[in-house]
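Below is one structure, written out as structure tokens, with a few remarks after it.
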Amino acid sequence: MKLVVTGRHGQVARALVERGRSAGVEVVCLARPEVDLTEPDLVARTIEATRGDVVINAAAYTAVDKAEAEPDLAMRVNGEGARAVAAAAARTGRPVVQISTDYVFDGVLDRPYCEDDPVGPLGVYGRTKLAGETAVAAANARHVIARTAWVYSPFGHNFLKTMLRLGLTRDEVDVVADQWGAPTSALDLADALIAMARRLVGEPDNASLYGAFHATGSLYTSWAGFAAAIFAQAAMLERRPVAVTPISTAQYPTPAARPANSRLDAGKLHRVYGLALPEWRSSAHDCVKRLILSPEAQERS
Ligand SMILES: NC(=O)c1ccc[n+]([C@@H]2O[C@H](COP(=O)([O-])OP(=O)(O)OC[C@H]3O[C@@H](n4cnc5c(N)ncnc54)[C@H](OP(=O)(O)O)[C@@H]3O)[C@@H](O)[C@H]2O)c1
């Protein structure tokens, strides 16, 4: 199997390359300048010319706060760019997997969100990702919308790496404790995406495989709980102890509002594909270990 993936330096793209290697799956990454999601004609030409079984759109405008000031650019990338990727895949007879987000929901529900719960993004990023979902579904009947959340990995920028960096110089960190979700390892997500892609290739006419799916780490926590787990694991590897002080969202204002409840119900992924991502805590521990014990390997990868 060969996957065509947009983005090269992003967390999910890099995780797909790494996990693809161990799974015996070829992964071709298409990034700027060959694929710039703000240039639909270029996207079309490059994706149509690149052989591969499944197209995964892992590139996106992901700067949640900056998007509030750049709504047009965010929409071009996350809405129209995603449409161009899906349409190019459709023209060449291939399914597309669009990575999407918990931020399509407003977070007021008192239980984890299912795929068909009403959407209601709170900010520009969520609105543009929702536009991408709609555009992808319209452009390619053979689409999977894989909504994930709170992604971290040894690569790029993410909350886990930020906490480890802060922990080098601080004894105490204030972390929001009233937003709930499931930290998701990009590596675990990549494993799931590869398994999903195999099914899409093997059973192209199985209609149940298409549509929206939630794919996050198992079990839930708050950002403060996530931070505490990161510091606890780091302390076991002889990093200095760091105390987490729980604070409220109101005490940590950001340009973009975040959903208080980011919990996604991943039951459909299990029912249809037989997949469940590992518990967030064990994967977070693995990532902390990897970053502390072989930090130079992350720079090379
Ligand atoms: N991170 C999270 O917590 C999270 C949560 C839920 C959903 N998601 C979704 O998961 C997917 C992957 O996220 P991630 O964490 O891997 O993101 P990431 O690490 O921020 O990577 C995003 C990638 O998109 C590329 N990109 C941005 N604008 C582009 C453009 N105009 N043309 C082509 N490429 C462009 C970036 O390229 P450069 O490297 O050149 O800038 C980068 O490689 C995205 O769809 C995101 O919305 C992420």
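The way I read the labels, and the way they are meant: chains A, B, ... in the order of the structure tokens, residue 1 as the first residue of every chain, and ligand 1 as the first ligand shown, with later ones counted on from there.
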
Need the shell around A:Ala138: protein/DNA/RNA residues with any atom at most 12 Å away, counting only C-alpha atoms. Skip same-chain ones fewer than 5 positions apart. Format as a ChimeraX atom specification? /A:79-80,82-87,90,96,131-133,143-145,211

Store the residues of this selection in a file with C-alpha atoms, as a tab-separated table (two decimals), in the first residue's frame.
chain	number	residue	atom	x	y	z
A	79	GLY	CA	-11.61	24.92	3.51
A	80	GLU	CA	-10.66	25.39	-0.13
A	82	ALA	CA	-9.00	20.54	1.67
A	83	ARG	CA	-11.60	20.61	-1.13
A	84	ALA	CA	-8.85	20.67	-3.76
A	85	VAL	CA	-7.12	17.66	-2.17
A	86	ALA	CA	-10.36	15.66	-1.98
A	87	ALA	CA	-11.39	16.56	-5.53
A	90	ALA	CA	-11.80	11.74	-6.53
A	96	VAL	CA	-9.43	10.73	0.85
A	131	ALA	CA	-15.84	24.10	6.10
A	132	GLY	CA	-13.13	21.63	5.11
A	133	GLU	CA	-15.21	18.68	6.33
A	143	HIS	CA	-14.15	10.25	2.14
A	144	VAL	CA	-13.27	9.68	5.76
A	145	ILE	CA	-13.37	12.63	8.15
A	211	GLY	CA	-18.01	9.17	6.73

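Around A:Asp178, within 12 Å and counting only C-alpha atoms, the residues found are Gly107, Thr221, Ser222, Trp223, Ala224, Gly225, Pro246, Ile247, Ser248, Thr249, Ala250, Gln251, Tyr252, Arg258, Pro259, Ala260, Asn261 and Ser262 of chain A, once anything fewer than 6 positions away on its own chain is removed.
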
Those same residues - N, CA, C and O atoms - I'd like them written as a CSV table (one decimal), in the first residue's frame.
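Printed below is again_3.csv as written:
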chain,number,residue,atom,x,y,z
A,107,GLY,N,-18.5,22.5,22.7
A,107,GLY,CA,-18.0,22.0,24.0
A,107,GLY,C,-19.0,22.2,25.1
A,107,GLY,O,-18.6,22.1,26.3
A,221,THR,N,-8.9,13.5,30.3
A,221,THR,CA,-8.3,14.2,31.4
A,221,THR,C,-8.5,15.7,31.1
A,221,THR,O,-9.1,16.1,30.1
A,222,SER,N,-7.9,16.5,32.0
A,222,SER,CA,-7.9,18.0,31.7
A,222,SER,C,-6.4,18.3,31.3
A,222,SER,O,-5.5,17.5,31.4
A,223,TRP,N,-6.2,19.5,30.8
A,223,TRP,CA,-4.9,19.9,30.5
A,223,TRP,C,-4.0,19.8,31.7
A,223,TRP,O,-2.8,19.4,31.6
A,224,ALA,N,-4.5,20.2,32.9
A,224,ALA,CA,-3.7,20.1,34.1
A,224,ALA,C,-3.4,18.6,34.4
A,224,ALA,O,-2.3,18.3,34.8
A,225,GLY,N,-4.3,17.7,34.2
A,225,GLY,CA,-4.1,16.3,34.4
A,225,GLY,C,-3.0,15.8,33.5
A,225,GLY,O,-2.1,15.0,33.8
A,246,PRO,N,-3.7,24.1,39.2
A,246,PRO,CA,-4.8,24.2,38.3
A,246,PRO,C,-5.4,25.6,38.3
A,246,PRO,O,-5.6,26.2,39.3
A,247,ILE,N,-5.6,26.0,37.1
A,247,ILE,CA,-6.3,27.4,36.9
A,247,ILE,C,-7.5,27.2,36.0
A,247,ILE,O,-7.7,26.1,35.4
A,248,SER,N,-8.3,28.2,35.9
A,248,SER,CA,-9.5,28.2,35.1
A,248,SER,C,-9.2,28.8,33.7
A,248,SER,O,-8.2,29.5,33.6
A,249,THR,N,-10.0,28.5,32.7
A,249,THR,CA,-9.9,29.1,31.4
A,249,THR,C,-9.9,30.6,31.5
A,249,THR,O,-9.2,31.3,30.8
A,250,ALA,N,-10.8,31.1,32.4
A,250,ALA,CA,-10.9,32.6,32.5
A,250,ALA,C,-9.5,33.2,33.0
A,250,ALA,O,-9.2,34.4,32.7
A,251,GLN,N,-8.7,32.4,33.7
A,251,GLN,CA,-7.5,32.9,34.2
A,251,GLN,C,-6.4,32.8,33.1
A,251,GLN,O,-5.2,33.3,33.3
A,252,TYR,N,-6.7,32.2,32.0
A,252,TYR,CA,-5.7,32.1,30.9
A,252,TYR,C,-6.3,32.5,29.6
A,252,TYR,O,-6.6,31.6,28.7
A,258,ARG,N,-11.8,28.2,23.4
A,258,ARG,CA,-11.7,26.7,23.3
A,258,ARG,C,-12.9,26.0,23.9
A,258,ARG,O,-13.4,26.5,24.9
A,259,PRO,N,-13.3,24.9,23.3
A,259,PRO,CA,-14.4,24.1,23.9
A,259,PRO,C,-14.0,23.6,25.3
A,259,PRO,O,-12.9,23.1,25.5
A,260,ALA,N,-14.9,23.8,26.3
A,260,ALA,CA,-14.6,23.2,27.6
A,260,ALA,C,-14.7,21.7,27.6
A,260,ALA,O,-13.9,21.0,28.3
A,261,ASN,N,-15.6,21.2,26.8
A,261,ASN,CA,-15.7,19.7,26.6
A,261,ASN,C,-15.2,19.3,25.2
A,261,ASN,O,-15.9,19.5,24.3
A,262,SER,N,-14.0,18.8,25.2
A,262,SER,CA,-13.4,18.4,23.9
A,262,SER,C,-13.4,16.9,23.8
A,262,SER,O,-12.8,16.3,22.9

Using only C-alpha atoms and all ligand atoms, which protein or nucleic acid residues are at most 8 Å from ligand 1, as a PyMOL selection string? chain A and resi 6-14+31-33+35-39+57-63+76-78+81+98-103+129+147-152+155-158+184+186

Based on the backbone DSSP call, show me all residues of stretch 45-234 of chain A assigned strand (DSSP E), as JSON, numbers by chain. {"A": [54, 55, 56, 57, 96, 97, 98, 99, 100, 101, 143, 144, 145, 146, 147, 148, 151, 152, 172, 173, 174, 175, 176, 180, 181, 184, 185, 211, 212, 213, 214, 221, 222]}

Based on DSSP run over this structure's backbone, return all residues of stretch 113-177 of chain A in alpha helix (DSSP H), as a list in words. Val124, Tyr125, Gly126, Arg127, Thr128, Lys129, Leu130, Ala131, Gly132, Glu133, Thr134, Ala135, Val136, Ala137, Ala138, Ala139, Phe159, Leu160, Lys161, Thr162, Met163, Leu164, Arg165 and Leu166 of chain A

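For the choices A:Gln179, A:Thr216, A:Thr50, A:Thr162, the atom-to-atom distance to A:Leu30 is smallest for A:Thr50 when using only C-alpha atoms.
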
List as a PDB file with all heavy atoms, in the first residue's frame the protein and nucleic acid residues near A:Leu209, meaning an atom at most 10 Å away when only C-alpha atoms are counted, but skip any in the same chain fewer than 6 places from it.
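Output file selection-v4.pdb follows:
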ATOM      1  N   ARG A 142     -15.952   9.031  -1.617  1.00  0.00           N
ATOM      2  CA  ARG A 142     -15.154   8.080  -0.812  1.00  0.00           C
ATOM      3  C   ARG A 142     -14.260   8.869   0.148  1.00  0.00           C
ATOM      4  O   ARG A 142     -13.050   8.963  -0.025  1.00  0.00           O
ATOM      5  CB  ARG A 142     -14.336   7.189  -1.739  1.00  0.00           C
ATOM      6  CG  ARG A 142     -15.219   6.277  -2.599  1.00  0.00           C
ATOM      7  CD  ARG A 142     -14.378   5.410  -3.501  1.00  0.00           C
ATOM      8  NE  ARG A 142     -13.559   4.485  -2.741  1.00  0.00           N
ATOM      9  CZ  ARG A 142     -12.398   3.969  -3.174  1.00  0.00           C
ATOM     10  NH1 ARG A 142     -11.917   4.313  -4.351  1.00  0.00           N
ATOM     11  NH2 ARG A 142     -11.730   3.129  -2.429  1.00  0.00           N
ATOM     12  N   HIS A 143     -14.913   9.442   1.179  1.00  0.00           N
ATOM     13  CA  HIS A 143     -14.152  10.250   2.137  1.00  0.00           C
ATOM     14  C   HIS A 143     -14.297   9.704   3.548  1.00  0.00           C
ATOM     15  O   HIS A 143     -15.309   9.110   3.908  1.00  0.00           O
ATOM     16  CB  HIS A 143     -14.655  11.704   2.123  1.00  0.00           C
ATOM     17  CG  HIS A 143     -16.068  11.826   2.597  1.00  0.00           C
ATOM     18  ND1 HIS A 143     -17.147  11.767   1.749  1.00  0.00           N
ATOM     19  CD2 HIS A 143     -16.584  11.980   3.847  1.00  0.00           C
ATOM     20  CE1 HIS A 143     -18.262  11.866   2.454  1.00  0.00           C
ATOM     21  NE2 HIS A 143     -17.966  12.004   3.728  1.00  0.00           N
ATOM     22  N   VAL A 144     -13.232   9.907   4.317  1.00  0.00           N
ATOM     23  CA  VAL A 144     -13.273   9.679   5.765  1.00  0.00           C
ATOM     24  C   VAL A 144     -12.900  11.004   6.414  1.00  0.00           C
ATOM     25  O   VAL A 144     -11.890  11.613   6.049  1.00  0.00           O
ATOM     26  CB  VAL A 144     -12.269   8.594   6.201  1.00  0.00           C
ATOM     27  CG1 VAL A 144     -12.143   8.555   7.720  1.00  0.00           C
ATOM     28  CG2 VAL A 144     -12.688   7.229   5.670  1.00  0.00           C
ATOM     29  N   MET A 196      -6.897   2.011   8.874  1.00  0.00           N
ATOM     30  CA  MET A 196      -8.107   2.430   8.156  1.00  0.00           C
ATOM     31  C   MET A 196      -7.860   2.423   6.645  1.00  0.00           C
ATOM     32  O   MET A 196      -8.695   1.956   5.863  1.00  0.00           O
ATOM     33  CB  MET A 196      -8.536   3.834   8.622  1.00  0.00           C
ATOM     34  CG  MET A 196      -9.001   3.873  10.069  1.00  0.00           C
ATOM     35  SD  MET A 196      -9.149   5.549  10.724  1.00  0.00           S
ATOM     36  CE  MET A 196     -10.777   5.992  10.109  1.00  0.00           C
ATOM     37  N   ALA A 197      -6.701   2.929   6.256  1.00  0.00           N
ATOM     38  CA  ALA A 197      -6.388   2.982   4.826  1.00  0.00           C
ATOM     39  C   ALA A 197      -6.340   1.580   4.224  1.00  0.00           C
ATOM     40  O   ALA A 197      -6.818   1.356   3.099  1.00  0.00           O
ATOM     41  CB  ALA A 197      -5.055   3.708   4.616  1.00  0.00           C
ATOM     42  N   ARG A 199      -8.103  -0.950   5.091  1.00  0.00           N
ATOM     43  CA  ARG A 199      -9.495  -1.378   4.883  1.00  0.00           C
ATOM     44  C   ARG A 199     -10.103  -0.669   3.667  1.00  0.00           C
ATOM     45  O   ARG A 199     -10.836  -1.284   2.883  1.00  0.00           O
ATOM     46  CB  ARG A 199     -10.340  -1.082   6.134  1.00  0.00           C
ATOM     47  CG  ARG A 199      -9.963  -1.861   7.378  1.00  0.00           C
ATOM     48  CD  ARG A 199     -10.504  -3.286   7.374  1.00  0.00           C
ATOM     49  NE  ARG A 199     -11.955  -3.400   7.231  1.00  0.00           N
ATOM     50  CZ  ARG A 199     -12.845  -3.300   8.213  1.00  0.00           C
ATOM     51  NH1 ARG A 199     -12.427  -3.088   9.459  1.00  0.00           N
ATOM     52  NH2 ARG A 199     -14.144  -3.436   7.983  1.00  0.00           N
ATOM     53  N   LEU A 200      -9.819   0.612   3.528  1.00  0.00           N
ATOM     54  CA  LEU A 200     -10.378   1.356   2.389  1.00  0.00           C
ATOM     55  C   LEU A 200      -9.887   0.772   1.069  1.00  0.00           C
ATOM     56  O   LEU A 200     -10.625   0.713   0.082  1.00  0.00           O
ATOM     57  CB  LEU A 200      -9.993   2.843   2.483  1.00  0.00           C
ATOM     58  CG  LEU A 200     -10.587   3.613   3.661  1.00  0.00           C
ATOM     59  CD1 LEU A 200      -9.961   5.008   3.753  1.00  0.00           C
ATOM     60  CD2 LEU A 200     -12.112   3.738   3.527  1.00  0.00           C
ATOM     61  N   GLU A 203     -11.498  -2.980   0.829  1.00  0.00           N
ATOM     62  CA  GLU A 203     -12.965  -3.085   0.716  1.00  0.00           C
ATOM     63  C   GLU A 203     -13.538  -1.774   0.164  1.00  0.00           C
ATOM     64  O   GLU A 203     -14.280  -1.081   0.857  1.00  0.00           O
ATOM     65  CB  GLU A 203     -13.576  -3.353   2.096  1.00  0.00           C
ATOM     66  CG  GLU A 203     -13.059  -4.590   2.801  1.00  0.00           C
ATOM     67  CD  GLU A 203     -13.461  -4.580   4.279  1.00  0.00           C
ATOM     68  OE1 GLU A 203     -14.650  -4.424   4.589  1.00  0.00           O
ATOM     69  OE2 GLU A 203     -12.562  -4.694   5.119  1.00  0.00           O
ATOM     70  N   LEU A 269     -15.410   4.237  15.690  1.00  0.00           N
ATOM     71  CA  LEU A 269     -14.155   3.724  15.113  1.00  0.00           C
ATOM     72  C   LEU A 269     -13.949   2.268  15.538  1.00  0.00           C
ATOM     73  O   LEU A 269     -13.492   1.433  14.756  1.00  0.00           O
ATOM     74  CB  LEU A 269     -12.983   4.584  15.597  1.00  0.00           C
ATOM     75  CG  LEU A 269     -11.616   4.268  15.008  1.00  0.00           C
ATOM     76  CD1 LEU A 269     -11.549   4.653  13.533  1.00  0.00           C
ATOM     77  CD2 LEU A 269     -10.504   4.977  15.779  1.00  0.00           C
ATOM     78  N   VAL A 272     -16.823  -0.004  13.741  1.00  0.00           N
ATOM     79  CA  VAL A 272     -16.718  -0.181  12.285  1.00  0.00           C
ATOM     80  C   VAL A 272     -15.358  -0.742  11.884  1.00  0.00           C
ATOM     81  O   VAL A 272     -15.268  -1.668  11.070  1.00  0.00           O
ATOM     82  CB  VAL A 272     -16.985   1.162  11.566  1.00  0.00           C
ATOM     83  CG1 VAL A 272     -16.743   1.031  10.065  1.00  0.00           C
ATOM     84  CG2 VAL A 272     -18.403   1.642  11.841  1.00  0.00           C
ATOM     85  N   TYR A 273     -14.307  -0.179  12.455  1.00  0.00           N
ATOM     86  CA  TYR A 273     -12.954  -0.574  12.036  1.00  0.00           C
ATOM     87  C   TYR A 273     -12.272  -1.530  13.017  1.00  0.00           C
ATOM     88  O   TYR A 273     -11.174  -2.017  12.754  1.00  0.00           O
ATOM     89  CB  TYR A 273     -12.068   0.667  11.887  1.00  0.00           C
ATOM     90  CG  TYR A 273     -12.250   1.426  10.584  1.00  0.00           C
ATOM     91  CD1 TYR A 273     -13.113   2.515  10.497  1.00  0.00           C
ATOM     92  CD2 TYR A 273     -11.535   1.073   9.445  1.00  0.00           C
ATOM     93  CE1 TYR A 273     -13.267   3.229   9.315  1.00  0.00           C
ATOM     94  CE2 TYR A 273     -11.669   1.773   8.261  1.00  0.00           C
ATOM     95  CZ  TYR A 273     -12.530   2.848   8.198  1.00  0.00           C
ATOM     96  OH  TYR A 273     -12.663   3.546   7.029  1.00  0.00           O
TER      97      TYR A 273
END

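Across the structure, atom CA of A:Tyr125 and atom CA of A:Val64 are spaced 5.5 Å apart.
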
So which one's closest to A:Gly126, A:Ala228, A:Leu166, A:Leu277, A:Met75? Using only C-alpha atoms, please. A:Met75

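When only C-alpha atoms are used to measure the gap to A:Ser283, the shortest distance among A:Phe213, A:Ser185, A:Ser218, A:Thr245 belongs to A:Ser185.
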
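Every protein, DNA or RNA residue with an atom at most 12 Å from A:Ser282, where only C-alpha atoms count and chain neighbours fewer than 3 positions away do not, is listed here: Pro183, Thr184, Ser185, Asp188, Gly217, Ser218, Leu219, Phe226, Ala229, Ile230, Gln233, Leu277, Pro278, Glu279, His285, Asp286, Cys287, Val288 and Lys289 of chain A.
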
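With distances taken over only C-alpha atoms, A:Lys268 is the one residue among A:Val43, A:Pro241, A:Lys268, A:Leu73 lying closest to A:Ala146.
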
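Using only C-alpha atoms, the shortest contact distance between A:Glu48 and any of A:Arg19, A:Pro121, A:Asp65, A:Ala89 is found at A:Ala89.
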
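In this comparison, which uses only C-alpha atoms, the residue of A:Leu3, A:Ala74, A:Glu26, A:Lys66 approaching A:Ile47 most closely is A:Leu3.
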
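What separates atom CA of A:Ser294 from atom CA of A:Pro154 is a distance of 10.4 Å.
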
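Atom pair atom CA of A:Val97 / atom CA of A:Ile56: separated by 4.6 Å.
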